[in-house]
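Okay, query_30.cif is below, mmCIF, C-alpha atoms and all ligand atoms:
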data_start
#
loop_
_atom_site.label_atom_id
_atom_site.label_comp_id
_atom_site.auth_asym_id
_atom_site.auth_seq_id
_atom_site.Cartn_x
_atom_site.Cartn_y
_atom_site.Cartn_z
CA MET W 1 0.00 0.00 0.00
CA SER W 2 1.15 3.53 -0.60
CA ARG W 3 0.50 6.60 1.49
CA LEU W 4 -2.44 8.68 0.30
CA ILE W 5 -2.88 11.51 2.76
CA ASP W 6 -1.10 12.89 5.81
CA VAL W 7 -3.03 15.21 8.07
CA GLU W 8 -0.85 16.88 10.69
CA ASN W 9 -1.97 19.14 13.54
CA LEU W 10 -5.22 20.11 11.82
CA THR W 11 -6.85 22.87 13.82
CA LEU W 12 -9.87 24.83 12.65
CA GLN W 13 -11.63 27.64 14.44
CA PHE W 14 -14.68 29.72 13.58
CA ASP W 15 -14.98 33.42 14.29
CA THR W 16 -18.50 34.00 15.59
CA ASP W 17 -20.32 36.83 17.32
CA GLU W 18 -19.87 34.98 20.59
CA GLY W 19 -16.15 34.58 20.08
CA ARG W 20 -13.74 32.15 18.46
CA ILE W 21 -14.93 28.53 18.54
CA THR W 22 -12.59 25.58 18.17
CA ALA W 23 -14.21 22.99 15.89
CA VAL W 24 -11.15 20.81 15.22
CA ASP W 25 -8.27 20.70 17.69
CA ASP W 26 -4.83 19.41 16.65
CA VAL W 27 -6.00 16.35 14.71
CA SER W 28 -3.41 14.13 12.99
CA PHE W 29 -3.92 10.94 10.99
CA SER W 30 -2.77 9.23 7.80
CA LEU W 31 -4.42 6.98 5.28
CA GLU W 32 -2.98 4.52 2.78
CA ALA W 33 -4.44 3.83 -0.66
CA GLY W 34 -6.91 0.95 -0.45
CA GLU W 35 -7.62 1.59 3.21
CA VAL W 36 -10.96 2.48 4.84
CA MET W 37 -10.78 4.66 7.93
CA GLY W 38 -13.85 5.12 10.06
CA LEU W 39 -14.19 8.51 11.69
CA VAL W 40 -16.58 8.06 14.62
CA GLY W 41 -18.17 10.20 17.28
CA GLU W 42 -21.50 11.64 18.39
CA SER W 43 -23.00 14.41 16.31
CA GLY W 44 -21.24 17.66 17.13
CA SER W 45 -17.85 15.96 17.57
CA GLY W 46 -16.35 17.68 14.51
CA LYS W 47 -16.27 14.75 12.07
CA SER W 48 -17.87 16.52 9.12
CA VAL W 49 -15.89 19.71 9.68
CA THR W 50 -12.68 17.69 9.74
CA ALA W 51 -13.60 16.01 6.45
CA LYS W 52 -14.59 19.22 4.72
CA SER W 53 -11.47 21.00 5.92
CA LEU W 54 -9.34 18.48 3.97
CA MET W 55 -10.86 20.06 0.85
CA LYS W 56 -10.96 23.58 2.29
CA LEU W 57 -14.75 23.48 2.05
CA ASN W 58 -15.17 25.68 5.09
CA PRO W 59 -17.42 28.65 5.72
CA ARG W 60 -15.82 32.09 5.36
CA ASN W 61 -15.39 32.56 9.11
CA ALA W 62 -13.13 29.50 9.38
CA VAL W 63 -9.49 29.97 10.37
CA TYR W 64 -6.90 27.19 10.15
CA GLY W 65 -4.34 26.82 12.92
CA PRO W 66 -0.84 27.90 11.84
CA ASP W 67 0.62 24.38 12.26
CA THR W 68 -2.00 22.68 10.07
CA LYS W 69 -0.43 20.57 7.35
CA ILE W 70 -2.37 18.47 4.82
CA THR W 71 -0.38 16.52 2.25
CA LEU W 72 -2.01 14.54 -0.54
CA HIS W 73 0.30 12.04 -2.20
CA LEU W 74 -0.70 11.95 -5.87
CA ASP W 75 0.98 10.21 -8.81
CA ASP W 76 2.70 13.44 -9.82
CA GLY W 77 4.06 13.95 -6.33
CA PRO W 78 2.90 15.41 -3.03
CA VAL W 79 0.38 18.28 -2.98
CA ASP W 80 0.45 20.67 -0.04
CA VAL W 81 -3.28 21.42 0.27
CA MET W 82 -2.78 24.43 2.59
CA SER W 83 -0.69 26.17 -0.09
CA LEU W 84 -3.42 25.94 -2.76
CA GLN W 85 -4.70 29.47 -3.11
CA ASN W 86 -7.86 29.72 -5.17
CA ASP W 87 -10.73 27.70 -6.60
CA THR W 88 -8.79 26.90 -9.78
CA GLU W 89 -5.92 25.41 -7.79
CA MET W 90 -8.35 23.67 -5.45
CA LYS W 91 -9.86 21.84 -8.43
CA ILE W 92 -6.98 19.34 -8.18
CA VAL W 93 -8.48 18.39 -4.85
CA ARG W 94 -12.23 19.06 -4.93
CA GLY W 95 -14.01 16.54 -7.09
CA GLY W 96 -10.59 15.65 -8.55
CA ALA W 97 -8.34 13.78 -6.11
CA ILE W 98 -11.00 13.84 -3.38
CA SER W 99 -14.74 13.23 -3.74
CA LEU W 100 -17.32 13.77 -1.05
CA ILE W 101 -20.66 12.01 -0.63
CA PHE W 102 -23.29 13.06 1.87
CA GLN W 103 -26.02 11.51 3.92
CA GLU W 104 -28.75 13.13 1.84
CA PRO W 105 -28.20 12.55 -1.87
CA MET W 106 -30.94 15.03 -2.80
CA ALA W 107 -28.50 17.72 -1.67
CA SER W 108 -25.87 16.57 -4.19
CA PHE W 109 -28.10 16.76 -7.24
CA ALA W 110 -29.60 19.91 -8.70
CA PRO W 111 -33.35 19.22 -8.95
CA ALA W 112 -33.91 20.59 -12.47
CA ILE W 113 -30.95 18.95 -14.22
CA SER W 114 -30.92 15.25 -15.10
CA ILE W 115 -28.61 12.92 -13.19
CA GLY W 116 -26.67 12.19 -16.38
CA GLU W 117 -26.17 15.80 -17.33
CA GLN W 118 -24.73 16.52 -13.89
CA MET W 119 -22.36 13.57 -14.14
CA VAL W 120 -21.19 14.66 -17.59
CA GLU W 121 -20.65 18.21 -16.41
CA GLN W 122 -18.53 17.08 -13.48
CA LEU W 123 -16.45 14.78 -15.68
CA MET W 124 -15.82 17.54 -18.19
CA ILE W 125 -14.55 19.84 -15.43
CA HIS W 126 -12.15 17.29 -13.97
CA THR W 127 -11.03 15.22 -16.96
CA SER W 128 -10.17 15.82 -20.60
CA PHE W 129 -13.09 13.68 -21.81
CA SER W 130 -15.26 14.82 -24.70
CA LYS W 131 -18.99 15.04 -24.04
CA ALA W 132 -19.55 11.68 -25.73
CA GLN W 133 -16.83 10.00 -23.69
CA ALA W 134 -18.15 11.59 -20.50
CA LYS W 135 -21.60 10.20 -21.25
CA GLU W 136 -20.21 6.76 -21.91
CA VAL W 137 -18.26 6.77 -18.62
CA SER W 138 -21.32 8.04 -16.70
CA VAL W 139 -23.62 5.30 -17.99
CA GLU W 140 -20.89 2.77 -17.25
CA MET W 141 -20.56 4.03 -13.66
CA LEU W 142 -24.35 3.93 -13.11
CA ASP W 143 -24.24 0.34 -14.28
CA ARG W 144 -21.22 -0.39 -12.09
CA VAL W 145 -23.02 0.73 -8.91
CA GLY W 146 -25.86 -1.66 -9.68
CA ILE W 147 -28.44 0.65 -11.24
CA SER W 148 -30.41 -1.35 -13.80
CA ASP W 149 -31.23 0.21 -17.15
CA PRO W 150 -28.53 2.88 -16.67
CA SER W 151 -29.14 4.60 -20.03
CA THR W 152 -32.72 5.41 -19.01
CA ARG W 153 -31.70 6.48 -15.48
CA PHE W 154 -29.05 8.74 -17.04
CA GLY W 155 -31.84 10.94 -18.44
CA GLN W 156 -33.91 11.04 -15.22
CA TYR W 157 -34.07 13.58 -12.40
CA ALA W 158 -33.11 12.90 -8.78
CA PHE W 159 -36.76 12.92 -7.62
CA GLU W 160 -37.59 10.10 -10.05
CA LEU W 161 -35.21 7.71 -8.24
CA SER W 162 -35.84 5.80 -5.01
CA GLY W 163 -33.72 6.68 -1.95
CA GLY W 164 -31.37 3.71 -2.40
CA MET W 165 -30.98 4.39 -6.10
CA ARG W 166 -30.21 8.06 -5.50
CA GLN W 167 -27.52 7.02 -3.05
CA ARG W 168 -26.03 4.73 -5.69
CA ALA W 169 -26.24 7.46 -8.34
CA MET W 170 -24.44 9.84 -5.99
CA ILE W 171 -21.71 7.27 -5.42
CA ALA W 172 -21.47 6.75 -9.20
CA MET W 173 -21.06 10.49 -9.70
CA ALA W 174 -18.49 10.77 -6.92
CA LEU W 175 -16.46 7.88 -8.32
CA SER W 176 -16.68 8.66 -12.03
CA THR W 177 -13.68 10.99 -11.82
CA LYS W 178 -11.70 8.17 -10.14
CA PRO W 179 -10.85 10.09 -6.98
CA ARG W 180 -7.92 8.85 -4.89
CA LEU W 181 -9.82 9.58 -1.71
CA LEU W 182 -13.56 9.23 -1.12
CA ILE W 183 -15.03 10.93 1.91
CA ALA W 184 -18.38 9.38 2.78
CA ASP W 185 -20.23 11.44 5.39
CA GLU W 186 -22.93 9.28 7.04
CA PRO W 187 -23.69 7.81 3.58
CA THR W 188 -25.94 5.04 4.86
CA THR W 189 -27.67 6.66 7.83
CA ALA W 190 -30.87 7.55 5.95
CA LEU W 191 -31.16 4.15 4.27
CA ASP W 192 -33.00 1.05 5.37
CA VAL W 193 -30.87 -1.82 6.64
CA THR W 194 -30.87 -3.92 3.44
CA ILE W 195 -29.90 -1.05 1.19
CA GLN W 196 -27.38 0.09 3.78
CA ALA W 197 -25.67 -3.31 3.59
CA GLN W 198 -25.66 -3.16 -0.23
CA VAL W 199 -24.12 0.31 -0.26
CA ILE W 200 -21.43 -0.80 2.21
CA ASP W 201 -20.62 -3.86 0.08
CA LEU W 202 -20.47 -1.70 -2.99
CA MET W 203 -18.05 0.72 -1.39
CA LYS W 204 -15.81 -2.14 -0.26
CA ASP W 205 -15.76 -3.57 -3.81
CA LEU W 206 -14.84 -0.20 -5.21
CA VAL W 207 -11.96 0.24 -2.76
CA SER W 208 -10.37 -2.98 -3.92
CA GLU W 209 -11.13 -2.30 -7.58
CA PHE W 210 -9.89 1.29 -7.75
CA GLY W 211 -7.41 1.13 -4.86
CA MET W 212 -8.72 4.36 -3.42
CA GLY W 213 -8.86 5.32 0.23
CA ILE W 214 -12.11 5.99 2.06
CA ILE W 215 -12.82 8.10 5.10
CA PHE W 216 -16.14 6.79 6.35
CA ILE W 217 -17.84 9.17 8.77
CA THR W 218 -20.50 7.80 11.07
CA HIS W 219 -21.85 7.97 14.60
CA ASP W 220 -22.39 4.20 14.44
CA LEU W 221 -19.50 2.00 15.59
CA GLY W 222 -21.47 -1.02 14.36
CA VAL W 223 -21.23 0.18 10.74
CA ILE W 224 -17.51 0.82 11.23
CA ALA W 225 -16.98 -2.75 12.43
CA GLN W 226 -18.32 -3.98 9.09
CA THR W 227 -16.62 -1.46 6.86
CA ALA W 228 -13.34 -0.07 8.07
CA ASP W 229 -9.75 -1.23 8.48
CA LYS W 230 -8.99 1.34 11.10
CA VAL W 231 -10.85 3.80 13.29
CA ALA W 232 -10.33 7.31 14.59
CA VAL W 233 -12.66 8.36 17.41
CA MET W 234 -13.47 12.07 17.82
CA TYR W 235 -14.90 13.98 20.73
CA LEU W 236 -15.48 17.73 20.78
CA GLY W 237 -13.04 18.37 17.94
CA LYS W 238 -10.29 16.16 19.35
CA LEU W 239 -9.12 12.72 18.32
CA VAL W 240 -9.24 10.57 21.42
CA GLU W 241 -8.38 7.11 20.09
CA GLN W 242 -6.93 5.62 16.91
CA GLY W 243 -6.21 2.04 15.94
CA THR W 244 -7.18 -0.96 13.85
CA VAL W 245 -10.88 -1.83 13.97
CA ARG W 246 -10.02 -5.08 15.70
CA ASP W 247 -8.03 -3.44 18.49
CA VAL W 248 -10.38 -0.54 19.08
CA ILE W 249 -13.55 -2.62 19.15
CA ARG W 250 -12.12 -5.53 21.14
CA ARG W 251 -9.96 -3.51 23.49
CA PRO W 252 -11.21 0.08 23.52
CA ALA W 253 -8.62 2.14 25.38
CA HIS W 254 -10.41 5.46 25.82
CA PRO W 255 -13.37 5.81 28.21
CA TYR W 256 -15.31 7.64 25.47
CA THR W 257 -14.90 4.74 23.03
CA ARG W 258 -15.92 2.36 25.80
CA GLY W 259 -19.00 4.51 26.30
CA LEU W 260 -19.89 4.43 22.60
CA LEU W 261 -19.51 0.65 22.54
CA ALA W 262 -21.63 0.17 25.66
CA ALA W 263 -24.41 2.06 23.90
CA LEU W 264 -24.44 -0.47 21.02
CA PRO W 265 -26.72 -3.52 20.99
CA THR W 266 -24.84 -6.83 20.67
CA LEU W 267 -26.10 -9.94 18.92
CA ASP W 268 -24.78 -12.25 21.66
CA ASP W 269 -26.88 -10.65 24.31
CA ILE W 270 -29.77 -8.94 22.65
CA ASP W 271 -31.61 -8.39 25.98
CA ALA W 272 -28.68 -6.71 27.72
CA PRO W 273 -29.55 -3.12 28.65
CA LEU W 274 -27.89 -0.42 26.56
CA THR W 275 -26.13 2.24 28.54
CA PRO W 276 -26.01 5.56 26.79
CA ILE W 277 -23.17 7.93 27.75
CA PRO W 278 -24.61 10.23 30.42
CA GLY W 279 -24.92 13.93 29.64
CA ASP W 280 -24.60 15.86 26.41
CA ILE W 281 -21.60 16.91 24.42
CA PRO W 282 -20.69 20.37 25.82
CA SER W 283 -21.12 23.48 23.71
CA PRO W 284 -17.94 24.38 21.81
CA LEU W 285 -18.27 27.79 23.47
CA GLU W 286 -17.71 26.10 26.82
CA ARG W 287 -14.90 23.68 26.03
CA PRO W 288 -13.87 21.87 29.21
CA SER W 289 -10.31 22.46 30.39
CA GLY W 290 -7.78 19.63 30.52
CA CYS W 291 -9.29 16.49 28.99
CA VAL W 292 -12.32 17.67 26.97
CA TYR W 293 -14.16 14.50 28.02
CA HIS W 294 -13.74 14.96 31.77
CA THR W 295 -17.26 16.36 32.34
CA ARG W 296 -18.80 13.06 31.17
CA CYS W 297 -16.06 10.54 31.84
CA GLN W 298 -17.02 7.57 34.01
CA GLU W 299 -13.38 6.84 34.81
CA VAL W 300 -12.24 10.36 35.64
CA MET W 301 -9.04 10.24 37.71
CA GLY W 302 -9.29 13.37 39.78
CA PRO W 303 -7.91 16.90 39.36
CA ARG W 304 -5.37 15.97 36.69
CA CYS W 305 -8.15 15.21 34.18
CA ALA W 306 -9.55 18.75 34.45
CA ALA W 307 -6.13 20.39 34.50
CA GLU W 308 -3.92 18.67 31.95
CA VAL W 309 -4.65 17.91 28.29
CA PRO W 310 -3.89 14.20 27.80
CA ARG W 311 -1.42 13.36 25.07
CA PHE W 312 -1.59 10.34 22.76
CA SER W 313 -0.02 7.27 24.32
CA ARG W 314 0.55 4.02 22.53
CA VAL W 315 -1.43 1.13 24.00
CA ASP W 316 -0.41 -1.37 21.32
CA SER W 317 1.72 -1.34 18.17
CA ASP W 318 -1.03 0.22 16.06
CA HIS W 319 -3.28 1.59 18.74
CA ALA W 320 -3.15 4.82 20.71
CA ALA W 321 -5.40 6.79 23.05
CA ALA W 322 -5.30 10.29 24.50
CA CYS W 323 -6.17 9.59 28.13
CA HIS W 324 -4.24 9.94 31.38
CA LEU W 325 -5.14 6.33 32.23
CA HIS W 326 -2.50 5.32 29.69
CA ASP W 327 0.02 7.97 30.67
CA PRO W 328 0.22 7.64 34.47
CA GLN W 329 3.35 9.77 34.84
CA GLY W 330 2.37 12.51 32.43
CA ASP W 331 4.40 15.69 32.57
CA ALA W 332 6.05 14.49 35.77
CA SER W 333 7.94 11.79 33.88
FE1 LIG N 1 -11.45 10.27 31.51
FE2 LIG N 1 -9.33 11.48 32.54
FE3 LIG N 1 -9.03 9.78 30.51
FE4 LIG N 1 -10.16 12.15 30.13
S1 LIG N 1 -8.05 11.77 30.73
S2 LIG N 1 -10.85 10.22 29.36
S3 LIG N 1 -11.30 12.43 32.02
S4 LIG N 1 -9.74 9.29 32.59
MG MG N 2 -21.94 15.47 10.51
#
Can the structure from this file be put into structure tokens for me?
Amino acid sequence: MSRLIDVENLTLQFDTDEGRITAVDDVSFSLEAGEVMGLVGESGSGKSVTAKSLMKLNPRNAVYGPDTKITLHLDDGPVDVMSLQNDTEMKIVRGGAISLIFQEPMASFAPAISIGEQMVEQLMIHTSFSKAQAKEVSVEMLDRVGISDPSTRFGQYAFELSGGMRQRAMIAMALSTKPRLLIADEPTTALDVTIQAQVIDLMKDLVSEFGMGIIFITHDLGVIAQTADKVAVMYLGKLVEQGTVRDVIRRPAHPYTRGLLAALPTLDDIDAPLTPIPGDIPSPLERPSGCVYHTRCQEVMGPRCAAEVPRFSRVDSDHAAACHLHDPQGDAS
């Protein structure tokens, strides 16, 4: 496998009337080609903002931290995303090297333009295809994602397709430009369970076929267990745990991850009570000091948790957590 993206010290703040809000706080991770990374956390944890900031798709009041570094490793060499200045330069990234799919496919399609026309338009922006070639590729992609009678669907509008079919069409559009990285933001949340399983299978097939990387954003650790190779868990804009799916799900090292897992139903013991994490995610305007999770943590260790920001400690070769439980000495060491 080859390295696809390095995200180092990603920090993003928003200037608001109430002051500067930290949405993403010093997040670092990497992804290889052909790898699926699940980005998990409750809503409001900063998952979507993190994903969008990789493509600089932020609102105007967003400010990157000065140490933020995002490097995309493309065939022609590394691209320093932070140094790309304008929309023309960003085209390498947006819809080119990186594609984004959302939870609600209606939002990705313009209502008054046919699915096919939108696919062709996108291909003509990002590739050197002629209109005829772009049409051919679009129909082929619709077929590839399992839409029957793709030539007819090509001429239809988003509202004429069922929910599952729209999701597939959106994936077809996102993949037609052969992105190196696909960011899927809660792509299956609005779908029923059968279609959800089909979409997940489809995405897995496409990873092995095209060798792309996927960042799969979800609040559902169960979906991650089926889909991803590795997991990054976010809470209030911070990464709190990273590791292989196996390690994180079998031996969660951060109390927050343990909390998320305890809130999941298990097949072995379907009658076992689910224990939701007590309390709500705090407002970003009132970020807790020290460990951002200390106001809800069930394993809080006393004053140190509220005073000192925990650093990432390795708990296994490919597994790390930012919690004082795993760094007993801390700054004293
Ligand atoms: Fe809980 Fe303390 Fe670990 Fe934070 S650092 S997760 S408050 S034990
Ligand atoms: Mg979101």
Q.
Please return as an NGL selection string the residues found within 9 Å of ligand LIG 1 (chain N), counting all atoms listed in the file.
A. :W and (240 or 254-256 or 290-306 or 308-311 or 321-327)
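The residue that comes closest to Ser43 (chain W), out of W:Tyr157, W:Tyr235, W:Phe29, W:Phe109 and on the basis of only C-alpha atoms, is W:Tyr235.
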Quick one: residues within 9 Å of ligand MG 2 (chain N), with only C-alpha atoms and all ligand atoms, as a PDB file with C-alpha atoms, in the coordinates of the input?
ATOM      1  CA  GLU W  42     -21.500  11.640  18.390  1.00  0.00           C
ATOM      2  CA  SER W  43     -23.000  14.410  16.310  1.00  0.00           C
ATOM      3  CA  GLY W  44     -21.240  17.660  17.130  1.00  0.00           C
ATOM      4  CA  SER W  45     -17.850  15.960  17.570  1.00  0.00           C
ATOM      5  CA  GLY W  46     -16.350  17.680  14.510  1.00  0.00           C
ATOM      6  CA  LYS W  47     -16.270  14.750  12.070  1.00  0.00           C
ATOM      7  CA  SER W  48     -17.870  16.520   9.120  1.00  0.00           C
ATOM      8  CA  VAL W  49     -15.890  19.710   9.680  1.00  0.00           C
ATOM      9  CA  GLN W 103     -26.020  11.510   3.920  1.00  0.00           C
ATOM     10  CA  ASP W 185     -20.230  11.440   5.390  1.00  0.00           C
ATOM     11  CA  GLU W 186     -22.930   9.280   7.040  1.00  0.00           C
ATOM     12  CA  ILE W 217     -17.840   9.170   8.770  1.00  0.00           C
ATOM     13  CA  THR W 218     -20.500   7.800  11.070  1.00  0.00           C
ATOM     14  CA  HIS W 219     -21.850   7.970  14.600  1.00  0.00           C
TER      15      HIS W 219
END
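Between Ile147 (chain W) and the residues W:Val199, W:Tyr64, W:Leu100, W:Pro179, the shortest atom-to-atom distance, using all atoms listed in the file, involves W:Val199.
Interatomic distance, CA of Gln122 (chain W) to CA of Arg60 (chain W): 24.2 Å.
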**Q.** Surrounding residues of Asp220 (chain W) excluding itself and chain neighbours under 4 positions, 12 Å, only C-alpha atoms, as a list in words
**A.** Gly38, Leu39, Val40, Gly41, Glu42, Ser43, Asp185, Glu186, Pro187, Thr188, Thr189, Phe216, Ile224, Ala225, Gln226, Thr227, Ala228, Val231, Val233, Thr257, Leu260, Leu261, Ala262, Ala263, Leu264 and Pro265 of chain W
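Of the residues under consideration (W:Thr22, W:Thr152, W:Thr177, W:Ser162), W:Thr177 shows the shortest atom-to-atom contact distance to Gly95 (chain W) when counting all atoms listed in the file.
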Could I see region 245-269 of chain W restored to N, CA and C atoms, set down as a PDB file, keeping the file's coordinate frame?
ATOM      1  N   VAL W 245      -9.507  -1.570  13.530  1.00  0.00           N
ATOM      2  CA  VAL W 245     -10.880  -1.830  13.970  1.00  0.00           C
ATOM      3  C   VAL W 245     -10.890  -2.921  15.030  1.00  0.00           C
ATOM      4  N   ARG W 246     -10.105  -3.944  14.783  1.00  0.00           N
ATOM      5  CA  ARG W 246     -10.020  -5.080  15.700  1.00  0.00           C
ATOM      6  C   ARG W 246      -9.620  -4.636  17.106  1.00  0.00           C
ATOM      7  N   ASP W 247      -8.524  -3.886  17.177  1.00  0.00           N
ATOM      8  CA  ASP W 247      -8.030  -3.440  18.490  1.00  0.00           C
ATOM      9  C   ASP W 247      -9.030  -2.529  19.184  1.00  0.00           C
ATOM     10  N   VAL W 248      -9.538  -1.552  18.441  1.00  0.00           N
ATOM     11  CA  VAL W 248     -10.380  -0.540  19.080  1.00  0.00           C
ATOM     12  C   VAL W 248     -11.701  -1.144  19.551  1.00  0.00           C
ATOM     13  N   ILE W 249     -12.261  -2.054  18.759  1.00  0.00           N
ATOM     14  CA  ILE W 249     -13.550  -2.620  19.150  1.00  0.00           C
ATOM     15  C   ILE W 249     -13.388  -3.706  20.218  1.00  0.00           C
ATOM     16  N   ARG W 250     -12.318  -4.483  20.123  1.00  0.00           N
ATOM     17  CA  ARG W 250     -12.120  -5.530  21.140  1.00  0.00           C
ATOM     18  C   ARG W 250     -11.545  -4.988  22.438  1.00  0.00           C
ATOM     19  N   ARG W 251     -10.617  -4.023  22.289  1.00  0.00           N
ATOM     20  CA  ARG W 251      -9.960  -3.510  23.490  1.00  0.00           C
ATOM     21  C   ARG W 251      -9.961  -1.982  23.484  1.00  0.00           C
ATOM     22  N   PRO W 252     -11.155  -1.385  23.541  1.00  0.00           N
ATOM     23  CA  PRO W 252     -11.210   0.080  23.520  1.00  0.00           C
ATOM     24  C   PRO W 252     -10.385   0.661  24.669  1.00  0.00           C
ATOM     25  N   ALA W 253      -9.547   1.643  24.366  1.00  0.00           N
ATOM     26  CA  ALA W 253      -8.620   2.140  25.380  1.00  0.00           C
ATOM     27  C   ALA W 253      -9.063   3.460  25.984  1.00  0.00           C
ATOM     28  N   HIS W 254      -9.968   4.161  25.321  1.00  0.00           N
ATOM     29  CA  HIS W 254     -10.410   5.460  25.820  1.00  0.00           C
ATOM     30  C   HIS W 254     -11.805   5.323  26.438  1.00  0.00           C
ATOM     31  N   PRO W 255     -12.043   5.909  27.584  1.00  0.00           N
ATOM     32  CA  PRO W 255     -13.370   5.810  28.210  1.00  0.00           C
ATOM     33  C   PRO W 255     -14.504   6.248  27.270  1.00  0.00           C
ATOM     34  N   TYR W 256     -14.259   7.205  26.393  1.00  0.00           N
ATOM     35  CA  TYR W 256     -15.310   7.640  25.470  1.00  0.00           C
ATOM     36  C   TYR W 256     -15.662   6.520  24.484  1.00  0.00           C
ATOM     37  N   THR W 257     -14.654   5.856  23.949  1.00  0.00           N
ATOM     38  CA  THR W 257     -14.900   4.740  23.030  1.00  0.00           C
ATOM     39  C   THR W 257     -15.630   3.623  23.760  1.00  0.00           C
ATOM     40  N   ARG W 258     -15.216   3.372  25.004  1.00  0.00           N
ATOM     41  CA  ARG W 258     -15.920   2.360  25.800  1.00  0.00           C
ATOM     42  C   ARG W 258     -17.387   2.740  25.962  1.00  0.00           C
ATOM     43  N   GLY W 259     -17.628   4.021  26.165  1.00  0.00           N
ATOM     44  CA  GLY W 259     -19.000   4.510  26.300  1.00  0.00           C
ATOM     45  C   GLY W 259     -19.800   4.309  25.027  1.00  0.00           C
ATOM     46  N   LEU W 260     -19.196   4.616  23.879  1.00  0.00           N
ATOM     47  CA  LEU W 260     -19.890   4.430  22.600  1.00  0.00           C
ATOM     48  C   LEU W 260     -20.229   2.958  22.385  1.00  0.00           C
ATOM     49  N   LEU W 261     -19.290   2.084  22.736  1.00  0.00           N
ATOM     50  CA  LEU W 261     -19.510   0.650  22.540  1.00  0.00           C
ATOM     51  C   LEU W 261     -20.585   0.110  23.478  1.00  0.00           C
ATOM     52  N   ALA W 262     -20.630   0.641  24.693  1.00  0.00           N
ATOM     53  CA  ALA W 262     -21.630   0.170  25.660  1.00  0.00           C
ATOM     54  C   ALA W 262     -23.032   0.579  25.217  1.00  0.00           C
ATOM     55  N   ALA W 263     -23.112   1.583  24.359  1.00  0.00           N
ATOM     56  CA  ALA W 263     -24.410   2.060  23.900  1.00  0.00           C
ATOM     57  C   ALA W 263     -24.892   1.292  22.668  1.00  0.00           C
ATOM     58  N   LEU W 264     -24.076   0.310  22.204  1.00  0.00           N
ATOM     59  CA  LEU W 264     -24.440  -0.470  21.020  1.00  0.00           C
ATOM     60  C   LEU W 264     -25.112  -1.776  21.421  1.00  0.00           C
ATOM     61  N   PRO W 265     -26.165  -2.195  20.717  1.00  0.00           N
ATOM     62  CA  PRO W 265     -26.720  -3.520  20.990  1.00  0.00           C
ATOM     63  C   PRO W 265     -25.759  -4.604  20.483  1.00  0.00           C
ATOM     64  N   THR W 266     -25.668  -5.733  21.179  1.00  0.00           N
ATOM     65  CA  THR W 266     -24.840  -6.830  20.670  1.00  0.00           C
ATOM     66  C   THR W 266     -25.722  -8.011  20.331  1.00  0.00           C
ATOM     67  N   LEU W 267     -25.305  -8.787  19.332  1.00  0.00           N
ATOM     68  CA  LEU W 267     -26.100  -9.940  18.920  1.00  0.00           C
ATOM     69  C   LEU W 267     -26.068 -11.051  19.952  1.00  0.00           C
ATOM     70  N   ASP W 268     -24.924 -11.167  20.677  1.00  0.00           N
ATOM     71  CA  ASP W 268     -24.780 -12.250  21.660  1.00  0.00           C
ATOM     72  C   ASP W 268     -25.788 -12.101  22.788  1.00  0.00           C
ATOM     73  N   ASP W 269     -26.034 -10.858  23.152  1.00  0.00           N
ATOM     74  CA  ASP W 269     -26.880 -10.650  24.310  1.00  0.00           C
ATOM     75  C   ASP W 269     -27.871  -9.539  24.001  1.00  0.00           C
TER      76      ASP W 269
END
